[in-house]
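Trainee: One file: query.txt (compact mmCIF, C-alpha atoms and all ligand atoms).
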# COMPACT_ATOMS: atom_id res chain seq x y z
CA MET A 50 -5.98 -6.47 23.78
CA ILE A 51 -3.18 -4.57 22.04
CA LYS A 52 -3.92 -3.95 18.39
CA ALA A 53 -1.82 -2.98 15.36
CA ILE A 54 -1.31 0.73 14.71
CA ARG A 55 -3.86 2.48 12.47
CA GLY A 56 -2.86 2.23 8.83
CA MET A 57 -0.60 -0.77 9.47
CA ARG A 58 -1.80 -4.29 8.85
CA ASP A 59 -0.79 -7.90 9.17
CA ILE A 60 -0.43 -9.88 5.98
CA LEU A 61 -1.34 -13.46 6.72
CA PRO A 62 -1.20 -16.85 5.01
CA PRO A 63 -2.37 -17.90 2.47
CA GLU A 64 -2.06 -14.31 1.16
CA THR A 65 1.68 -14.31 2.01
CA GLY A 66 2.15 -17.14 -0.50
CA ARG A 67 0.84 -14.87 -3.25
CA TRP A 68 3.15 -12.06 -2.09
CA GLN A 69 6.14 -14.39 -2.27
CA TRP A 70 5.17 -15.48 -5.76
CA VAL A 71 4.88 -11.88 -7.01
CA GLU A 72 8.29 -11.08 -5.53
CA GLN A 73 9.70 -14.18 -7.18
CA VAL A 74 8.34 -13.12 -10.57
CA ALA A 75 9.82 -9.64 -10.11
CA ARG A 76 13.20 -11.13 -9.17
CA GLU A 77 13.17 -13.32 -12.29
CA VAL A 78 12.48 -10.34 -14.53
CA PHE A 79 15.14 -8.25 -12.74
CA ASP A 80 17.61 -11.09 -13.36
CA LEU A 81 16.76 -11.11 -17.05
CA TYR A 82 17.55 -7.42 -17.31
CA GLY A 83 20.71 -7.58 -15.21
CA TYR A 84 19.48 -5.98 -11.97
CA GLN A 85 20.85 -6.99 -8.56
CA GLU A 86 19.28 -6.71 -5.14
CA LEU A 87 20.13 -4.19 -2.43
CA ARG A 88 18.88 -4.61 1.15
CA LEU A 89 18.76 -1.30 2.92
CA PRO A 90 17.89 -0.01 6.39
CA LEU A 91 14.32 1.08 7.13
CA ILE A 92 15.53 4.19 8.95
CA GLU A 93 17.68 7.02 7.62
CA ARG A 94 18.66 10.50 8.69
CA THR A 95 15.72 12.86 8.15
CA GLU A 96 17.97 15.15 6.17
CA LEU A 97 18.33 12.57 3.39
CA PHE A 98 14.64 12.70 2.54
CA ALA A 99 14.13 16.39 3.29
CA ARG A 100 16.95 17.30 0.90
CA SER A 101 16.06 14.97 -1.94
CA ILE A 102 12.27 14.69 -2.01
CA GLY A 103 11.79 18.42 -1.46
CA PRO A 104 10.47 20.47 1.49
CA ASP A 105 7.20 21.43 -0.24
CA THR A 106 6.15 17.94 -1.21
CA ASP A 107 3.32 16.21 0.66
CA ILE A 108 5.70 13.48 1.73
CA VAL A 109 8.17 15.77 3.49
CA ALA A 110 5.70 18.40 4.68
CA LYS A 111 3.07 16.08 6.13
CA GLU A 112 3.74 12.38 5.85
CA MET A 113 7.06 11.38 7.31
CA TYR A 114 7.44 9.31 10.45
CA THR A 115 10.16 11.43 12.00
CA PHE A 116 11.47 11.11 15.54
CA PRO A 117 14.56 11.97 17.57
CA ASP A 118 16.63 8.96 18.60
CA ARG A 119 18.10 8.66 22.09
CA ARG A 120 20.93 11.03 21.18
CA GLY A 121 18.56 13.57 19.72
CA ASP A 122 19.43 12.92 16.06
CA SER A 123 16.42 13.30 13.78
CA LEU A 124 15.62 10.00 12.06
CA THR A 125 12.87 9.06 9.62
CA LEU A 126 11.27 5.78 8.61
CA ARG A 127 11.87 5.63 4.87
CA PRO A 128 8.92 6.99 2.86
CA GLU A 129 10.42 5.84 -0.46
CA ALA A 130 13.53 4.10 -1.74
CA THR A 131 15.17 6.20 -4.42
CA ALA A 132 16.98 8.69 -2.18
CA GLN A 133 18.16 5.79 -0.07
CA VAL A 134 19.46 3.79 -3.02
CA VAL A 135 21.43 6.82 -4.22
CA ARG A 136 22.74 7.38 -0.68
CA ALA A 137 23.85 3.74 -0.49
CA ALA A 138 25.44 3.84 -3.95
CA LEU A 139 27.47 6.95 -3.05
CA GLU A 140 28.39 5.78 0.43
CA ASN A 141 29.53 2.37 -0.80
CA ARG A 142 31.26 3.90 -3.79
CA LEU A 143 29.24 1.88 -6.27
CA ASP A 144 29.43 4.95 -8.51
CA ARG A 145 33.22 4.55 -8.78
CA ALA A 146 33.00 1.14 -10.48
CA PRO A 147 32.84 1.33 -14.26
CA GLY A 148 29.53 0.98 -16.07
CA MET A 149 25.98 1.24 -14.94
CA LYS A 150 24.58 0.10 -11.64
CA LYS A 151 21.28 -1.74 -12.00
CA LEU A 152 19.73 -2.23 -8.61
CA TYR A 153 16.46 -3.30 -7.05
CA THR A 154 15.06 -3.46 -3.57
CA ILE A 155 11.84 -4.86 -2.13
CA GLY A 156 10.34 -3.88 1.21
CA PRO A 157 8.13 -1.66 3.36
CA MET A 158 7.81 2.13 3.16
CA PHE A 159 6.15 4.44 5.69
CA ARG A 160 3.96 7.49 5.11
CA TYR A 161 1.60 9.11 7.56
CA GLU A 162 -1.31 9.38 5.12
CA ARG A 163 -5.03 9.08 5.81
CA PRO A 164 -5.62 5.32 5.68
CA GLN A 165 -8.18 4.09 3.16
CA LYS A 166 -8.56 1.35 0.57
CA GLY A 167 -5.22 1.04 -1.22
CA ARG A 168 -3.53 3.53 1.08
CA TYR A 169 -1.66 2.38 4.15
CA ARG A 170 0.84 3.92 6.52
CA GLN A 171 3.13 0.97 6.07
CA PHE A 172 3.01 -0.20 2.48
CA HIS A 173 5.32 -2.24 0.33
CA GLN A 174 7.21 -1.45 -2.80
CA ILE A 175 9.21 -3.26 -5.44
CA ASN A 176 11.78 -0.67 -6.48
CA CYS A 177 14.16 -0.54 -9.37
CA GLU A 178 16.91 2.04 -9.85
CA ALA A 179 19.29 2.22 -12.83
CA LEU A 180 22.21 4.51 -12.04
CA GLY A 181 24.83 5.94 -14.35
CA ALA A 182 23.32 6.50 -17.81
CA ASP A 183 21.23 9.21 -19.43
CA ALA A 184 20.37 7.28 -22.60
CA PRO A 185 16.69 7.31 -23.60
CA GLU A 186 17.12 3.62 -24.48
CA LEU A 187 17.52 3.00 -20.75
CA ASP A 188 14.27 4.84 -20.01
CA ALA A 189 12.48 2.65 -22.53
CA GLU A 190 14.09 -0.49 -21.12
CA VAL A 191 13.09 0.39 -17.56
CA ILE A 192 9.49 0.96 -18.63
CA LEU A 193 9.49 -2.29 -20.64
CA MET A 194 10.79 -4.14 -17.60
CA LEU A 195 8.07 -2.64 -15.39
CA MET A 196 5.36 -3.63 -17.85
CA GLU A 197 6.86 -7.10 -18.13
CA ILE A 198 6.65 -7.64 -14.35
CA LEU A 199 3.06 -6.39 -14.25
CA GLY A 200 2.14 -8.51 -17.28
CA ARG A 201 3.78 -11.66 -15.92
CA VAL A 202 1.82 -11.52 -12.69
CA GLY A 203 -1.36 -11.35 -14.73
CA LEU A 204 -2.37 -7.68 -14.80
CA THR A 205 -4.19 -6.91 -18.01
CA GLN A 206 -6.10 -3.69 -17.62
CA MET A 207 -3.34 -1.15 -17.19
CA ARG A 208 -2.87 2.41 -18.39
CA LEU A 209 0.68 3.65 -18.78
CA SER A 210 0.97 7.46 -18.80
CA VAL A 211 4.19 9.12 -19.84
CA ASN A 212 5.47 12.68 -19.71
CA SER A 213 8.73 14.56 -19.88
CA LEU A 214 9.54 17.00 -17.11
CA GLY A 215 12.54 18.44 -18.94
CA CYS A 216 15.89 19.40 -17.47
CA PRO A 217 16.36 22.08 -14.78
CA GLU A 218 16.70 24.76 -17.48
CA CYS A 219 13.39 23.79 -19.15
CA GLN A 220 11.79 23.54 -15.73
CA GLN A 221 12.97 27.01 -14.76
CA ASP A 222 11.32 28.53 -17.82
CA PHE A 223 8.18 26.48 -17.27
CA LYS A 224 7.96 27.31 -13.56
CA ALA A 225 8.13 31.03 -14.34
CA ARG A 226 5.30 30.73 -16.86
CA LEU A 227 3.25 28.51 -14.59
CA LYS A 228 3.68 30.88 -11.66
CA LEU A 229 2.30 33.77 -13.72
CA PHE A 230 -0.67 31.63 -14.73
CA LEU A 231 -1.32 30.53 -11.13
CA GLN A 232 -1.15 34.12 -9.90
CA SER A 233 -3.60 35.20 -12.60
CA LYS A 234 -6.33 33.01 -11.13
CA GLU A 235 -8.03 32.88 -7.74
CA GLY A 236 -9.71 30.03 -5.91
CA TRP A 237 -6.75 27.70 -5.34
CA CYS A 238 -6.82 25.52 -2.22
CA ASP A 239 -4.72 26.65 0.78
CA ASP A 240 -1.92 24.24 -0.12
CA CYS A 241 -1.77 25.43 -3.71
CA ARG A 242 -1.78 29.10 -2.72
CA HIS A 243 1.38 28.33 -0.79
CA ARG A 244 2.79 26.05 -3.51
CA ARG A 245 2.36 28.60 -6.29
CA GLU A 246 4.94 30.77 -4.53
CA THR A 247 7.35 28.10 -3.34
CA ASN A 248 7.05 25.27 -5.85
CA PRO A 249 4.49 25.85 -8.61
CA LEU A 250 5.06 22.44 -10.24
CA ARG A 251 3.45 20.82 -7.20
CA VAL A 252 0.14 22.54 -8.01
CA LEU A 253 -0.16 20.32 -11.09
CA ASP A 254 -0.13 17.34 -8.74
CA CYS A 255 -2.89 18.66 -6.44
CA LYS A 256 -5.58 16.09 -5.66
CA SER A 257 -8.38 18.68 -5.37
CA ALA A 258 -10.85 18.49 -8.26
CA HIS A 259 -11.36 22.25 -7.97
CA CYS A 260 -7.66 23.01 -8.48
CA GLN A 261 -7.53 20.52 -11.34
CA ALA A 262 -10.42 22.33 -13.05
CA LEU A 263 -8.66 25.69 -12.61
CA LEU A 264 -5.58 24.19 -14.27
CA LYS A 265 -7.41 23.53 -17.53
CA ASP A 266 -5.62 26.22 -19.53
CA ALA A 267 -2.32 26.09 -17.67
CA PRO A 268 0.87 26.17 -19.76
CA MET A 269 2.34 22.80 -20.71
CA LEU A 270 5.81 21.59 -19.80
CA LYS A 271 6.10 20.25 -23.29
CA ASP A 272 6.03 23.76 -24.75
CA CYS A 273 9.07 24.77 -22.69
CA GLN A 274 11.33 21.85 -23.55
CA CYS A 275 14.81 22.41 -24.93
CA GLU A 276 15.88 20.53 -28.04
CA ALA A 277 17.89 17.91 -26.18
CA CYS A 278 15.00 17.10 -23.82
CA ALA A 279 12.53 16.94 -26.69
CA ALA A 280 14.83 14.57 -28.61
CA HIS A 281 15.28 12.38 -25.53
CA TYR A 282 11.54 12.17 -24.98
CA GLY A 283 10.89 11.49 -28.68
CA ARG A 284 13.29 8.56 -28.64
CA VAL A 285 11.65 7.05 -25.53
CA LEU A 286 8.22 7.23 -27.17
CA GLU A 287 9.60 5.80 -30.42
CA LEU A 288 10.98 2.77 -28.56
CA LEU A 289 7.77 2.23 -26.61
CA ASN A 290 5.97 2.17 -29.94
CA ARG A 291 8.52 -0.21 -31.43
CA PHE A 292 8.00 -2.69 -28.61
CA ARG A 293 4.23 -2.23 -28.79
CA VAL A 294 3.83 -0.99 -25.24
CA PRO A 295 0.49 0.83 -25.16
CA PHE A 296 0.82 4.23 -23.51
CA GLU A 297 -0.74 7.64 -23.42
CA GLU A 298 1.00 10.94 -23.06
CA ASN A 299 -0.14 12.93 -20.05
CA PRO A 300 1.33 16.44 -20.19
CA ARG A 301 0.14 17.12 -16.61
CA LEU A 302 1.92 14.17 -15.03
CA VAL A 303 4.48 15.53 -12.53
CA ARG A 304 4.78 12.93 -9.75
CA GLY A 305 4.91 13.82 -6.06
CA LEU A 306 8.64 14.31 -5.57
CA ASP A 307 10.93 17.17 -6.52
CA TYR A 308 13.88 15.30 -7.95
CA TYR A 309 12.42 14.13 -11.24
CA THR A 310 13.83 15.32 -14.57
CA ARG A 311 12.92 14.31 -18.12
CA THR A 312 10.97 11.05 -18.39
CA ALA A 313 8.21 10.49 -15.82
CA PHE A 314 5.61 7.71 -15.94
CA GLU A 315 2.81 6.14 -14.00
CA VAL A 316 0.74 2.99 -14.37
CA ALA A 317 -2.91 3.05 -13.33
CA ALA A 318 -4.84 -0.18 -13.08
CA ALA A 319 -8.55 -0.96 -13.23
CA GLY A 320 -10.21 -2.23 -10.06
CA LEU A 321 -8.40 -0.04 -7.54
CA GLY A 322 -10.94 2.75 -7.07
CA ALA A 323 -9.66 6.23 -6.26
CA GLN A 324 -6.09 5.14 -5.50
CA ASP A 325 -5.48 3.60 -8.90
CA ALA A 326 -1.73 4.16 -9.37
CA VAL A 327 -0.05 0.80 -9.11
CA ALA A 328 3.43 1.97 -10.12
CA GLY A 329 5.28 5.15 -10.91
CA GLY A 330 8.75 6.32 -11.72
CA GLY A 331 11.00 8.56 -13.67
CA ARG A 332 14.41 9.97 -14.33
CA TYR A 333 16.27 11.85 -11.59
CA ASN A 334 19.48 13.11 -13.14
CA GLY A 335 20.25 15.70 -10.46
CA LEU A 336 19.68 13.66 -7.32
CA SER A 337 23.23 12.41 -6.82
CA GLN A 338 24.63 15.96 -6.90
CA GLU A 339 21.83 17.12 -4.62
CA LEU A 340 23.15 14.59 -2.09
CA GLY A 341 26.75 15.78 -2.47
CA GLY A 342 27.81 13.12 -4.98
CA PRO A 343 29.16 13.38 -8.53
CA GLU A 344 27.00 13.70 -11.62
CA MET A 345 25.09 10.42 -11.94
CA PRO A 346 22.09 10.36 -14.25
CA ALA A 347 19.56 7.74 -13.20
CA ILE A 348 16.04 6.42 -13.63
CA GLY A 349 13.82 4.12 -11.58
CA PHE A 350 10.34 3.01 -10.63
CA ALA A 351 8.34 1.77 -7.67
CA ILE A 352 5.54 -0.77 -7.83
CA GLY A 353 3.01 -0.50 -5.00
CA GLN A 354 2.85 -4.13 -3.98
CA ASP A 355 -0.21 -3.82 -1.70
CA ARG A 356 -2.26 -2.40 -4.55
CA LEU A 357 -0.88 -4.92 -7.00
CA MET A 358 -1.96 -7.78 -4.71
CA GLU A 359 -5.45 -6.33 -4.49
CA ILE A 360 -6.08 -6.55 -8.21
CA LEU A 361 -4.14 -9.67 -9.00
CA PRO A 362 -6.45 -12.19 -10.67
CA PRO A 363 -7.10 -14.99 -8.13
CA GLU A 364 -5.89 -17.63 -10.56
CA ALA A 365 -2.64 -15.75 -11.19
CA ALA A 366 -0.50 -17.32 -8.47
CA PRO A 367 0.32 -20.97 -9.13
CA PRO A 368 -0.80 -23.42 -6.43
CA GLY A 369 1.82 -24.35 -3.83
CA LEU A 370 3.37 -27.80 -3.49
CA ALA A 371 0.98 -30.75 -3.46
CA LYS A 372 0.67 -31.80 0.17
CA THR A 373 0.57 -35.25 1.71
CA PHE A 374 -0.97 -35.86 5.13
CA LEU A 375 -0.07 -38.90 7.24
CA ALA A 376 -3.07 -40.14 9.21
CA VAL A 377 -2.06 -42.62 11.91
CA LEU A 378 -3.83 -45.01 14.23
CA GLY A 379 -1.94 -46.46 17.19
CA ASP A 380 1.40 -45.72 18.84
CA ALA A 381 3.56 -47.97 16.64
CA ALA A 382 2.11 -46.42 13.49
CA ARG A 383 2.61 -42.92 14.91
CA ASP A 384 6.26 -43.67 15.56
CA ARG A 385 6.80 -45.23 12.12
CA ALA A 386 5.10 -42.22 10.52
CA LEU A 387 7.77 -39.88 11.93
CA THR A 388 10.40 -41.65 9.80
CA LEU A 389 8.13 -41.70 6.76
CA LEU A 390 7.47 -37.97 7.16
CA GLN A 391 11.19 -37.20 6.98
CA ASP A 392 11.66 -39.63 4.03
CA LEU A 393 8.96 -37.81 2.08
CA ARG A 394 10.41 -34.39 2.87
CA ALA A 395 13.87 -35.61 1.86
CA LYS A 396 12.38 -36.38 -1.55
CA GLY A 397 11.08 -32.82 -1.77
CA LEU A 398 7.49 -33.74 -0.97
CA ALA A 399 5.53 -31.52 1.43
CA ALA A 400 4.21 -33.72 4.22
CA GLU A 401 2.53 -33.23 7.59
CA MET A 402 0.94 -35.24 10.37
CA ASP A 403 -1.07 -34.62 13.50
CA PHE A 404 0.80 -34.16 16.79
CA GLU A 405 -2.25 -33.59 18.95
CA GLY A 406 -3.63 -37.11 19.27
CA ARG A 407 -6.70 -36.63 17.06
CA SER A 408 -9.00 -39.53 16.16
CA LEU A 409 -8.68 -40.93 12.63
CA LYS A 410 -11.84 -39.10 11.59
CA ALA A 411 -10.53 -35.81 12.96
CA GLN A 412 -7.20 -36.39 11.20
CA MET A 413 -9.04 -36.87 7.90
CA SER A 414 -10.90 -33.61 8.29
CA LEU A 415 -7.66 -31.85 9.27
CA ALA A 416 -6.07 -33.21 6.07
CA ASP A 417 -8.99 -31.75 4.16
CA ARG A 418 -8.61 -28.36 5.85
CA LEU A 419 -4.91 -28.29 5.09
CA GLY A 420 -5.70 -28.91 1.42
CA ALA A 421 -3.83 -32.24 1.26
CA THR A 422 -3.82 -33.88 -2.16
CA TYR A 423 -2.95 -37.30 -0.71
CA VAL A 424 -3.49 -38.92 2.63
CA ILE A 425 -1.51 -41.93 3.79
CA ILE A 426 -3.38 -43.99 6.36
CA LEU A 427 -1.17 -46.02 8.62
CA GLY A 428 -2.59 -48.27 11.34
CA ASP A 429 -1.27 -51.20 13.33
CA ARG A 430 -2.78 -53.61 10.79
CA GLU A 431 -0.93 -51.94 7.89
CA MET A 432 2.26 -51.95 9.95
CA GLU A 433 2.16 -55.72 10.29
CA THR A 434 2.29 -56.12 6.51
CA ASP A 435 4.58 -53.13 5.95
CA GLN A 436 1.88 -51.49 3.91
CA ALA A 437 -0.14 -48.27 4.01
CA VAL A 438 -3.32 -47.02 2.41
CA LEU A 439 -2.84 -44.19 -0.09
CA ARG A 440 -5.94 -42.09 -0.61
CA ARG A 441 -6.45 -39.41 -3.26
CA MET A 442 -8.50 -36.70 -1.65
CA ALA A 443 -10.01 -35.37 -4.90
CA THR A 444 -11.59 -38.70 -5.93
CA GLY A 445 -11.65 -40.65 -2.66
CA GLY A 446 -9.90 -43.53 -4.51
CA GLN A 447 -7.69 -45.71 -2.28
CA GLU A 448 -4.99 -48.31 -2.82
CA GLN A 449 -2.61 -50.40 -0.72
CA VAL A 450 1.07 -49.64 -1.24
CA ALA A 451 4.25 -51.05 0.27
CA LEU A 452 5.66 -48.65 2.87
CA LYS A 453 9.18 -48.70 1.48
CA GLU A 454 7.93 -47.82 -2.01
CA LEU A 455 5.71 -45.00 -0.79
CA PRO A 456 8.12 -42.06 -1.26
CA VAL A 457 8.89 -43.09 -4.85
CA ILE A 458 5.24 -43.76 -5.74
CA LEU A 459 4.13 -40.45 -4.27
CA ALA A 460 6.93 -38.54 -5.96
CA ASN A 461 5.84 -40.03 -9.29
CA PHE A 462 2.22 -39.11 -8.65
CA ILE A 463 3.12 -35.57 -7.77
CA THR A 464 5.49 -34.94 -10.64
CA GLY A 465 2.78 -36.34 -12.92
CA LYS A 466 4.76 -39.37 -14.09
CA ILE A 467 1.90 -41.73 -13.22
P1 LIG A 501 5.31 6.97 -5.14
O1 LIG A 501 6.62 6.72 -4.49
O2 LIG A 501 4.42 7.90 -4.38
O3 LIG A 501 5.43 7.29 -6.57
O4 LIG A 501 4.54 5.58 -5.07
C1 LIG A 501 4.79 4.51 -5.93
C2 LIG A 501 3.69 3.50 -5.77
O5 LIG A 501 3.62 3.08 -4.42
C3 LIG A 501 2.31 4.08 -6.06
O6 LIG A 501 2.01 3.95 -7.43
C4 LIG A 501 1.42 3.20 -5.23
O7 LIG A 501 1.09 2.01 -5.90
C5 LIG A 501 2.28 2.85 -4.04
N1 LIG A 501 1.93 3.66 -2.86
C6 LIG A 501 2.32 4.93 -2.57
N2 LIG A 501 1.83 5.33 -1.39
C7 LIG A 501 1.10 4.30 -0.90
C8 LIG A 501 0.33 4.07 0.29
N3 LIG A 501 0.24 4.99 1.25
N4 LIG A 501 -0.29 2.87 0.45
C9 LIG A 501 -0.18 1.91 -0.50
N5 LIG A 501 0.53 2.07 -1.63
C10 LIG A 501 1.16 3.23 -1.84
Starting from the file, lay out its structure as structure tokens.
Ligand code: AMP
Mentor:
Amino acid sequence: MIKAIRGMRDILPPETGRWQWVEQVAREVFDLYGYQELRLPLIERTELFARSIGPDTDIVAKEMYTFPDRRGDSLTLRPEATAQVVRAALENRLDRAPGMKKLYTIGPMFRYERPQKGRYRQFHQINCEALGADAPELDAEVILMLMEILGRVGLTQMRLSVNSLGCPECQQDFKARLKLFLQSKEGWCDDCRHRRETNPLRVLDCKSAHCQALLKDAPMLKDCQCEACAAHYGRVLELLNRFRVPFEENPRLVRGLDYYTRTAFEVAAAGLGAQDAVAGGGRYNGLSQELGGPEMPAIGFAIGQDRLMEILPPEAAPPGLAKTFLAVLGDAARDRALTLLQDLRAKGLAAEMDFEGRSLKAQMSLADRLGATYVIILGDREMETDQAVLRRMATGGQEQVALKELPVILANFITGKI
């Protein structure tokens, strides 16, 4: 039998219902803050990611699904959304319209990582990107919005870490100091030995515990910040405090992509094990120019939806529609039930019946399996009197009701009017 590719998985019902609900909550919060949806291709030119994410990042160096198409052009399955959103904004001239562009996109991303709990090769993100403003108030708003989405879906044990990566000038100074520090010590992993020459910031992000221990006395980005970057960061923290968003400063937080400037943040959640980052983001003021566009300061975040689903409290998602099952006995009843089924659905009531000729007993157990709240039993005897039996599955209580009143009675039951 042909199986799914390693690191890729099927998401099945009823789990898909919970996914839809989380997406719905995110959409509601995005609406509140004035964000609009973009739907983007899953494949882009390799160059887009190589140029923006950075050649020495794990993503570009090791994790991209890259292949030549039939013409020989190098294409890549998107490993993240930000570069793509900026590409789409520039290509569609969204940057020419006045004011900010507040955009979101929801969908799968692809990275060739070693699969494990919370790490997949196709995973799903809820992405937000705010293009066109450099104000620290926007940074605070974006973080507030992220925490609101996570809070509304029921996450309680979260740790928000914040840092400032400074502007390119601060980073240049910091990189020089960091490089000297890295060269003064031995014992770095192979990757870091390479990174300390090409992109020393990446060393701060190394997953190896040994490298992390060596970094203990490394210089801090914070100590290299210019006045404007320090003021920006101070204002973001002040606003987070004002809105009582708990956070901690993490001066080592760098994030795995090259394009970040100034504010960077990550949310870790309890219950995820080693891969505990459920969301991350930051400001990327230089990305538009990197991609050949005009100056366009911007900030965004990505929520890892797979990980979010894993730690969502089971009671978080509201139950779906109450279901009604029509159990029928005899051909005339079966035929009549088809009309009733459509009448119920027309009233907005979820209703189903058996099409496989099951016995009444088997229909009742099917109703149970489907989680029906009500069962309507319709046999030839009921048909003669234009009545049906209405049974509440939770209590087993039954009553006779007139067929023509059934949709109204059921609708009242379900909306809680009776
Ligand atoms: P990043 O773009 O790497 O900052 O990722 C943003 C979020 O996406 C992370 O916080 C994770 O929750 C999620 N994520 C990243 N990579 C994976 C993966 N391979 N599998 C599942 N979730 C992931």
Trainee: Please return as a VMD selection string the residues found within 9 Å of ligand LIG 501 (chain A), counting all atoms listed in the file.
Mentor: chain A and resid 56 108 128 to 131 158 to 176 304 to 306 315 to 317 324 to 330 350 to 357
Trainee: List every protein, DNA or RNA residue that has at least one atom no more than 12 Å from (17.6, 24.8, -13.9) in the file's coordinates, counting all atoms listed in the file, and write the result as a ChimeraX atom specification.
Mentor: /A:214-225,274-275,308,310,334-335
Trainee: For the atom pair atom CA of Tyr114 of chain A and atom CA of Val135 of chain A, what is the interatomic distance in Å to one decimal place?
Mentor: 20.4 Å
Trainee: Please indicate the distance in Å from atom CA of Pro346 of chain A to atom CA of Asn141 of chain A, rounded to one decimal place.
Mentor: 17.3 Å
Trainee: Report, in Å to a single decimal, how far apart atom CA of Asp307 of chain A and atom CA of Gly322 of chain A are.
Mentor: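 That distance, rounded to one decimal, is 26.2 Å.
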Trainee: Closest to Leu193 of chain A among A:Asn290, A:Thr154, A:Gln69, A:Gln447, using only C-alpha atoms?
Mentor: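 Residue with the minimum atom-to-atom distance to Leu193 of chain A: A:Asn290.
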Trainee: For Thr205 of chain A, which residue out of A:Ala443, A:Leu393, A:Ala416, A:Ala319 is the nearest one, using only C-alpha atoms?
Mentor: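 Residue with the minimum atom-to-atom distance to Thr205 of chain A: A:Ala319.
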Trainee: Please report, as a Markdown table, each residue of segment 54-135 of chain A lying at most 12 Å from segment 239-243 of chain A, together with the nearest pair of atoms and the separation in Å rounded to one decimal; use all atoms listed in the file, and order rows by chain and ascending residue number.
Mentor:
| residue | atom | partner | partner_atom | distance |
| --- | --- | --- | --- | --- |
| A:Asp105 | CA | A:His243 | CA | 9.0 |
| A:Thr106 | CA | A:Asp240 | CA | 10.3 |
| A:Asp107 | CA | A:Asp240 | CA | 9.6 |
| A:Ala110 | CA | A:Asp240 | CA | 10.7 |
| A:Lys111 | CA | A:Asp240 | CA | 11.4 |
Trainee: So which residues touch segment 226-238 of chain A within 12 Å, counting all atoms listed in the file, skipping near sequence neighbours fewer than 5 positions away, as a count of residues only?
Mentor: 33
Trainee: Name the residues within 9 Å of (18.6, -5.7, -16.9), counting all atoms listed in the file in the file's coordinates, and put them as a list in words.
Mentor: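 Within the cut-off we find Val78, Phe79, Asp80, Leu81, Tyr82, Gly83, Tyr84, Gln85, Lys151, Ala179, Glu190, Val191 and Met194 of chain A.
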Trainee: Between A:Leu336, A:Val109, A:Leu302, A:Met432, which one has atoms that come closest to Leu180 of chain A, using only C-alpha atoms?
Mentor: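 Result for the nearest residue to Leu180 of chain A: A:Leu336.
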Trainee: Neighbouring residues of Phe116 of chain A were defined as those with any atom within 10 Å, considering all atoms listed in the file; residues of the same chain fewer than 2 positions away were excluded. Please report them as a list in words.
Mentor: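 Residues near the query, excluding close chain neighbours: Arg94, Thr95, Met113, Tyr114, Asp118, Arg119, Gly121, Asp122, Ser123, Leu124, Thr125 and Leu126 of chain A.
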Trainee: Report as an mmCIF file with C-alpha atoms, keeping the file's coordinate frame all protein, DNA and RNA residues lying within 9 Å of segment 418-424 of chain A, evaluated on all atoms listed in the file, omitting residues in the same chain fewer than 3 positions from it.
Mentor:
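Once written, around21.cif looks like this:
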data_model
loop_
_atom_site.group_PDB
_atom_site.id
_atom_site.type_symbol
_atom_site.label_atom_id
_atom_site.label_comp_id
_atom_site.auth_asym_id
_atom_site.auth_seq_id
_atom_site.Cartn_x
_atom_site.Cartn_y
_atom_site.Cartn_z
ATOM 1 C CA ALA A 371 0.980 -30.750 -3.460
ATOM 2 C CA LYS A 372 0.670 -31.800 0.170
ATOM 3 C CA THR A 373 0.570 -35.250 1.710
ATOM 4 C CA PHE A 374 -0.970 -35.860 5.130
ATOM 5 C CA LEU A 375 -0.070 -38.900 7.240
ATOM 6 C CA ALA A 376 -3.070 -40.140 9.210
ATOM 7 C CA ALA A 400 4.210 -33.720 4.220
ATOM 8 C CA MET A 413 -9.040 -36.870 7.900
ATOM 9 C CA SER A 414 -10.900 -33.610 8.290
ATOM 10 C CA LEU A 415 -7.660 -31.850 9.270
ATOM 11 C CA VAL A 438 -3.320 -47.020 2.410
ATOM 12 C CA LEU A 439 -2.840 -44.190 -0.090
ATOM 13 C CA ARG A 440 -5.940 -42.090 -0.610
ATOM 14 C CA ARG A 441 -6.450 -39.410 -3.260
ATOM 15 C CA MET A 442 -8.500 -36.700 -1.650
ATOM 16 C CA ALA A 443 -10.010 -35.370 -4.900
ATOM 17 C CA LEU A 459 4.130 -40.450 -4.270
#
Trainee: I'd like to know which of A:Pro368, A:Leu455, A:Arg407, A:Ala189 is closest to Thr312 of chain A, using only C-alpha atoms.
Mentor: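 Among the listed residues, A:Ala189 lies closest to Thr312 of chain A.
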Trainee: Is there a way to complete segment 406-410 of chain A with N, CA and C atoms and then write that out as a short mmCIF file (atom, residue, chain, number, x, y, z; two decimals), in the coordinates of the input?
Mentor:
data_model
loop_
_atom_site.label_atom_id
_atom_site.label_comp_id
_atom_site.auth_asym_id
_atom_site.auth_seq_id
_atom_site.Cartn_x
_atom_site.Cartn_y
_atom_site.Cartn_z
N GLY A 406 -2.88 -35.93 18.85
CA GLY A 406 -3.63 -37.11 19.27
C GLY A 406 -5.08 -37.14 18.79
N ARG A 407 -5.33 -36.62 17.59
CA ARG A 407 -6.70 -36.63 17.06
C ARG A 407 -7.13 -38.04 16.69
N SER A 408 -8.45 -38.25 16.64
CA SER A 408 -9.00 -39.53 16.16
C SER A 408 -8.75 -39.59 14.65
N LEU A 409 -8.92 -40.78 14.07
CA LEU A 409 -8.68 -40.93 12.63
C LEU A 409 -9.61 -40.00 11.84
N LYS A 410 -10.86 -39.94 12.30
CA LYS A 410 -11.84 -39.10 11.59
C LYS A 410 -11.39 -37.62 11.64
#
